[in-house]
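Visitor: What follows is the file my_file-v2.cif, containing mmCIF, C-alpha atoms:
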```
data_run
#
loop_
_atom_site.label_atom_id
_atom_site.label_comp_id
_atom_site.auth_asym_id
_atom_site.auth_seq_id
_atom_site.Cartn_x
_atom_site.Cartn_y
_atom_site.Cartn_z
CA MET A 1 36.18 -4.00 -2.55
CA THR A 2 37.53 -3.59 0.96
CA SER A 3 35.37 -3.83 4.05
CA THR A 4 36.46 -0.26 4.87
CA LEU A 5 34.99 1.05 1.63
CA LYS A 6 31.84 -1.01 2.12
CA ALA A 7 31.38 0.52 5.57
CA PHE A 8 31.99 4.00 4.13
CA ILE A 9 29.35 3.57 1.41
CA SER A 10 26.90 2.07 3.90
CA SER A 11 27.38 5.08 6.19
CA LEU A 12 26.34 7.43 3.38
CA ALA A 13 22.96 5.70 3.15
CA GLY A 14 22.41 5.32 6.89
CA ALA A 15 20.30 7.47 9.19
CA LYS A 16 22.06 10.48 10.72
CA ALA A 17 21.06 11.68 14.16
CA PRO A 18 19.27 13.94 14.68
CA GLY A 19 16.98 13.53 11.70
CA PRO A 20 14.49 11.21 10.04
CA ASN A 21 15.36 7.80 8.63
CA THR A 22 16.56 7.83 5.05
CA THR A 23 14.26 6.74 2.24
CA PHE A 24 17.15 5.58 0.06
CA THR A 25 19.64 2.72 0.24
CA VAL A 26 23.21 1.83 -0.66
CA PHE A 27 21.88 0.95 -4.13
CA HIS A 28 20.90 4.56 -4.71
CA ILE A 29 24.42 5.69 -3.81
CA PHE A 30 25.88 3.10 -6.18
CA TYR A 31 23.49 3.98 -9.02
CA ALA A 32 24.07 7.72 -8.60
CA LEU A 33 27.83 7.18 -8.89
CA GLU A 34 27.33 4.90 -11.89
CA LEU A 35 25.24 7.51 -13.70
CA MET A 36 27.74 10.26 -12.93
CA SER A 37 30.62 8.07 -14.11
CA GLU A 38 29.02 8.22 -17.57
CA LYS A 39 28.36 11.97 -17.70
CA THR A 40 27.32 15.01 -15.69
CA ILE A 41 23.66 14.69 -14.73
CA GLY A 42 21.13 17.21 -13.45
CA ARG A 43 19.30 16.88 -10.12
CA ASN A 44 15.85 16.27 -11.63
CA LYS A 45 17.07 13.67 -14.11
CA LEU A 46 19.05 11.93 -11.35
CA ALA A 47 15.94 11.81 -9.13
CA GLY A 48 13.96 10.31 -12.00
CA LYS A 49 16.56 7.65 -12.71
CA LEU A 50 16.79 6.70 -9.04
CA ASN A 51 13.01 6.94 -8.60
CA VAL A 52 13.27 9.04 -5.44
CA GLY A 53 11.57 12.24 -4.32
CA GLU A 54 12.91 15.76 -3.93
CA GLY A 55 13.83 15.33 -0.28
CA ALA A 56 15.73 12.09 -0.87
CA ILE A 57 17.67 13.37 -3.88
CA ARG A 58 18.62 16.52 -1.97
CA THR A 59 19.98 14.36 0.88
CA ILE A 60 21.82 11.98 -1.47
CA ILE A 61 23.52 14.86 -3.28
CA SER A 62 24.35 16.62 0.00
CA ARG A 63 25.97 13.51 1.46
CA LEU A 64 27.96 12.78 -1.69
CA VAL A 65 29.20 16.38 -1.76
CA ASP A 66 30.09 16.29 1.95
CA ALA A 67 31.97 13.02 1.40
CA GLY A 68 33.96 14.64 -1.40
CA LEU A 69 32.68 12.22 -4.03
CA ILE A 70 30.83 14.67 -6.28
CA SER A 71 30.69 18.34 -7.17
CA THR A 72 27.71 20.35 -8.37
CA SER A 73 27.45 23.09 -10.97
CA LYS A 74 24.82 24.66 -13.23
CA GLU A 75 25.31 21.69 -15.57
CA GLY A 76 24.56 19.18 -12.83
CA CYS A 77 26.39 16.66 -10.64
CA SER A 78 29.71 15.08 -11.56
CA LEU A 79 32.32 12.87 -9.91
CA THR A 80 35.38 14.34 -8.24
CA ALA A 81 38.75 12.56 -8.38
CA LYS A 82 37.83 10.85 -5.08
CA GLY A 83 34.43 9.90 -6.46
CA LEU A 84 36.01 8.41 -9.56
CA HIS A 85 38.39 6.40 -7.38
CA VAL A 86 35.46 5.01 -5.38
CA TRP A 87 33.55 4.26 -8.57
CA LYS A 88 36.53 2.35 -10.01
CA GLN A 89 36.46 0.09 -6.95
CA PHE A 90 32.78 -0.59 -7.58
CA ALA A 91 33.55 -1.31 -11.23
CA GLU A 92 36.31 -3.74 -10.28
CA ALA A 93 33.93 -5.64 -7.98
CA PHE A 94 31.04 -5.55 -10.51
CA PRO A 95 32.77 -5.25 -13.92
CA TYR A 96 29.72 -6.28 -15.95
CA ARG A 97 26.15 -5.16 -15.26
CA VAL A 98 23.60 -5.89 -17.97
CA GLU A 99 19.93 -6.34 -18.69
CA ILE A 100 19.14 -9.92 -19.73
CA PRO A 101 16.16 -10.72 -22.03
CA LYS A 102 13.57 -13.36 -21.22
CA THR A 103 14.90 -16.92 -21.51
CA GLU A 104 14.02 -20.29 -20.02
CA LEU A 105 15.85 -19.19 -16.84
CA THR A 106 14.85 -15.52 -16.83
CA THR A 107 11.08 -15.50 -16.94
CA SER A 108 10.32 -12.13 -15.32
CA ASP A 109 9.25 -9.11 -17.36
CA TYR A 110 12.59 -7.47 -16.54
CA ASN A 111 15.87 -9.22 -15.70
CA TYR A 112 19.20 -7.76 -14.67
CA ALA A 113 22.54 -9.41 -13.90
CA PHE A 114 25.69 -8.39 -12.05
CA LEU A 115 29.01 -10.19 -12.36
CA VAL A 116 30.77 -10.37 -8.98
CA LYS A 117 34.47 -11.05 -9.42
CA ASN A 118 36.19 -13.97 -7.68
CA SER A 119 33.44 -14.67 -5.16
CA GLY A 120 32.32 -18.22 -5.94
CA HIS A 121 33.93 -19.54 -2.76
CA LYS A 122 31.73 -17.20 -0.69
CA VAL A 123 28.46 -18.71 -1.95
CA GLN A 124 27.01 -21.51 0.14
CA SER A 125 23.48 -22.40 -0.91
CA GLY A 126 22.81 -19.05 -2.58
CA ILE A 127 19.80 -18.49 -0.31
CA ASP A 128 21.34 -15.44 1.37
CA GLN A 129 21.86 -13.76 -1.99
CA ARG A 130 18.37 -14.63 -3.21
CA ASP A 131 16.87 -13.28 0.01
CA ALA A 132 18.84 -10.04 -0.34
CA ALA A 133 17.55 -9.59 -3.88
CA ILE A 134 13.92 -10.17 -2.92
CA ILE A 135 14.11 -7.84 0.10
CA ALA A 136 15.44 -5.18 -2.30
CA GLY A 137 12.39 -5.52 -4.54
CA ALA A 138 13.13 -8.35 -6.98
CA ARG A 139 10.54 -11.07 -7.55
CA ARG A 140 13.11 -13.83 -7.99
CA ALA A 141 16.86 -14.30 -8.21
CA LEU A 142 19.42 -16.87 -9.32
CA VAL A 143 23.00 -17.28 -8.15
CA ILE A 144 25.23 -18.72 -10.87
CA ILE A 145 28.83 -19.79 -10.29
CA SER A 146 31.48 -20.17 -12.96
CA LYS A 147 33.54 -23.23 -12.08
CA GLY A 148 35.69 -25.55 -14.16
CA GLY A 149 34.58 -23.96 -17.40
CA HIS A 150 30.87 -24.40 -16.68
CA LEU A 151 28.07 -22.27 -15.24
CA GLY A 152 26.21 -23.92 -12.37
CA ILE A 153 23.31 -23.21 -10.04
CA GLU A 154 23.20 -25.03 -6.70
CA SER A 155 20.54 -27.79 -6.71
CA VAL A 156 19.39 -26.81 -10.22
CA SER A 157 22.11 -27.47 -12.78
CA ASP A 158 25.81 -28.30 -12.95
CA SER A 159 25.97 -27.06 -16.54
CA ILE A 160 23.58 -24.35 -17.65
CA GLU A 161 25.16 -24.55 -21.12
CA LYS A 162 23.75 -28.05 -21.59
CA GLU A 163 20.37 -27.68 -19.90
CA PHE A 164 19.53 -24.04 -20.64
CA PRO A 165 21.54 -23.18 -23.77
CA LYS A 166 19.64 -20.01 -24.71
CA ALA A 167 20.04 -18.53 -21.24
CA ALA A 168 23.70 -19.56 -21.11
CA SER A 169 24.35 -17.86 -24.43
CA GLN A 170 22.84 -14.58 -23.20
CA ILE A 171 24.75 -14.75 -19.91
CA LEU A 172 28.12 -15.57 -21.48
CA LYS A 173 27.69 -12.86 -24.11
CA GLY A 174 26.90 -10.09 -21.67
CA LEU A 175 28.93 -11.01 -18.60
CA LYS A 176 32.09 -12.91 -19.69
CA PRO A 177 32.54 -14.88 -16.43
CA GLU A 178 35.88 -16.42 -15.47
CA ASP A 179 36.55 -19.21 -12.99
CA ASN A 180 35.18 -18.47 -9.48
CA ASP A 181 33.14 -15.49 -10.66
CA VAL A 182 29.51 -15.22 -9.54
CA ILE A 183 26.58 -13.99 -11.60
CA VAL A 184 23.59 -12.76 -9.62
CA LEU A 185 20.55 -12.58 -11.86
CA ALA A 186 17.39 -10.90 -10.56
CA GLY A 187 13.96 -10.56 -12.11
CA GLY A 188 11.42 -7.87 -11.27
CA ASP A 189 8.30 -5.95 -12.26
CA THR A 190 10.46 -3.03 -13.43
CA LEU A 191 14.02 -2.81 -14.68
CA LEU A 192 14.97 -0.68 -11.67
CA LYS A 193 13.66 -3.31 -9.23
CA ALA A 194 15.52 -6.05 -11.09
CA LYS A 195 18.74 -4.03 -11.04
CA ARG A 196 18.26 -3.16 -7.38
CA GLY A 197 17.80 -6.84 -6.55
CA ALA A 198 20.89 -7.90 -8.50
CA PHE A 199 22.93 -5.21 -6.78
CA ALA A 200 21.72 -6.25 -3.32
CA ALA A 201 22.65 -9.87 -3.99
CA GLY A 202 26.07 -8.85 -5.26
CA TRP A 203 26.60 -6.43 -2.38
CA SER A 204 25.99 -9.27 0.08
CA LEU A 205 29.00 -11.08 -1.41
CA LEU A 206 31.36 -8.19 -0.72
CA GLU A 207 31.47 -8.85 3.00
CA ASP A 208 34.81 -9.07 4.72
CA GLU A 209 36.36 -12.51 4.16
CA LYS A 210 36.39 -13.27 7.89
CA LYS A 211 32.63 -12.75 8.10
CA GLN A 212 32.09 -15.26 5.33
CA ARG A 213 33.71 -18.09 7.27
#
```
So, in terms of structure tokens, how does the structure I just supplied come out?
Guide:
Amino acid sequence: MTSTLKAFISSLAGAKAPGPNTTFTVFHIFYALELMSEKTIGRNKLAGKLNVGEGAIRTIISRLVDAGLISTSKEGCSLTAKGLHVWKQFAEAFPYRVEIPKTELTTSDYNYAFLVKNSGHKVQSGIDQRDAAIIAGARRALVIISKGGHLGIESVSDSIEKEFPKAASQILKGLKPEDNDVIVLAGGDTLLKAKRGAFAAGWSLLEDEKKQR
């Protein structure tokens, strides 16, 4: 994902003057596009999935329409050609996004993981990603890097496969990591909070390369 696209998506969730601050985030934009990539969805159902109120969903839909990403009809909201193009860039950055059951590594009631392509070199200690996940509503988060055929967590394990085989099996099955891929795994009190945390951690890795240095 380019920094230009990241700035564009961030602008959709930002405050617009004059007017009140938004009650939604970049995650809500992402999740709305994800839901519409699957099928046309009505306003009320979309608000329920995103867990936002009437005012917020009205603003989200209005901004997506104004940006040319979606169209609305009696059937609901659906992606335009531009919206599909933007969604494909999200899907390339986060090709696998799955719920993970409880394991010895994933002890929260709900756990969700995002695979972030080719971003292992951007991770330092993983603290920035964990902080982003917790700020977004997760209770805990792990940053796992695929390197040299093994899954590792900084200061925890160089080979999850050996030390946490059940968790490794679930992760490999659902996410199919390749060398230098990152898996951000967040746990939360609800599935939405876990997913929001995993997205926030992954989103933090999509910064412009120059900013990472």
Visitor: Quick one: apply the PyMOL selection byres ((chain A and resi 50-67) around 8) to the file and drop the selected residues here as a VMD selection string.
Guide: chain A and resid 12 to 13 22 to 24 28 to 29 31 to 32 43 46 to 49 68 to 72
Visitor: Name the closest residue to Glu38 (chain A) among the candidates A:Thr25, A:Asn118, A:Ser78, A:Ser10; distances are taken between atoms, counting all atoms listed in the file.
Guide: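 Counting all atoms listed in the file, the residue closest to Glu38 (chain A) is A:Ser78.
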Visitor: For each of A:Ala133, A:Ala198, A:Ile171, A:Ala7, take the minimum atom-to-atom distance to Pro101 (chain A), counting only C-alpha atoms, then give the residue where this is smallest.
Guide: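 With only C-alpha atoms as the atom set, the closest residue is A:Ile171.
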Visitor: Between A:Val86, A:Ile134, A:Leu105, A:Leu115, which residue has the minimum interatomic distance to Ile9 (chain A), considering all atoms listed in the file?
Guide: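 Selected residue with least distance to Ile9 (chain A): A:Val86.
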Visitor: Which residue is closest to Arg140 (chain A)? Choose from A:Ser125, A:Thr103, A:Asn111, A:Ser3 and count all atoms listed in the file.
Guide: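 Selected residue with least distance to Arg140 (chain A): A:Asn111.
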Visitor: What is the distance, in Å and to one decimal place, between CA of Lys88 (chain A) and CA of Ser37 (chain A)?
Guide: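 Spanning CA of Lys88 (chain A) to CA of Ser37 (chain A) is a straight-line distance of 9.2 Å.
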Visitor: Once the PyMOL selection byres ((chain A and resi 194) around 9) has been evaluated on this model, what residues remain selected, and can you format them as number ranges by chain?
Guide: A: 99, 110-113, 133, 136-141, 185-193, 195-199
Visitor: Out of A:Ser157, A:Trp203, A:Phe8, A:Leu172, which residue has the shortest atom-to-atom distance to Val98 (chain A) when counting only C-alpha atoms?
Guide: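 Among A:Ser157, A:Trp203, A:Phe8, A:Leu172, it is A:Leu172 that comes nearest to Val98 (chain A).
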Visitor: What does the distance between CA of Glu161 (chain A) and CA of His121 (chain A) come to in Å, to one decimal place?
Guide: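 If I compute the distance from CA of Glu161 (chain A) to CA of His121 (chain A), I get 21.0 Å.
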Visitor: What does the PyMOL selection byres ((chain A and resi 119) around 7) select in this file, as a list in words?
Guide: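 After applying the PyMOL selection byres ((chain A and resi 119) around 7), what remains is Val116, Lys117, Asn118, Gly120, His121, Lys122, Asn180, Asp181, Val182 and Leu205 of chain A.
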Visitor: By how many Å are CA of Lys45 (chain A) and CA of Ala91 (chain A) apart?
Guide: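 Distance between the two atoms: 22.5 Å.
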Visitor: To test the calculation: enclose all listed atoms of region 66-79 of chain A in a box whose edges run along x, y and z, add 3 Å on each side, then state centre and edge lengths in Å to one decimal, as lines of an AutoDock Vina configuration file.
Guide:
```
center_x = 29.3
center_y = 18.4
center_z = -6.8
size_x = 15.4
size_y = 18.4
size_z = 23.5
```
Visitor: Let me make sure I understand: among A:Ala201, A:Ile153, A:Ile144, A:Ile160, which one has the smallest atom-to-atom distance to Pro177 (chain A) if we use only C-alpha atoms?
Guide: A:Ile144
Visitor: Leaving out Thr40 (chain A) and any residue of its chain fewer than 2 positions from it, which residues lie within 7 Å of it when counting only C-alpha atoms, given as a list in words?
Guide: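 Within the cut-off, the hits are Met36, Gly42, Glu75, Gly76, Cys77 and Ser78 of chain A.
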Visitor: Excluding Gln124 (chain A) and any residue of its chain fewer than 4 positions from it, enumerate the residues within 10 Å of it, using only C-alpha atoms, and give them as a list in words.
Guide: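 Here the answer would be Gly120, Asp128, Gln129, Glu154 and Gln212 of chain A.
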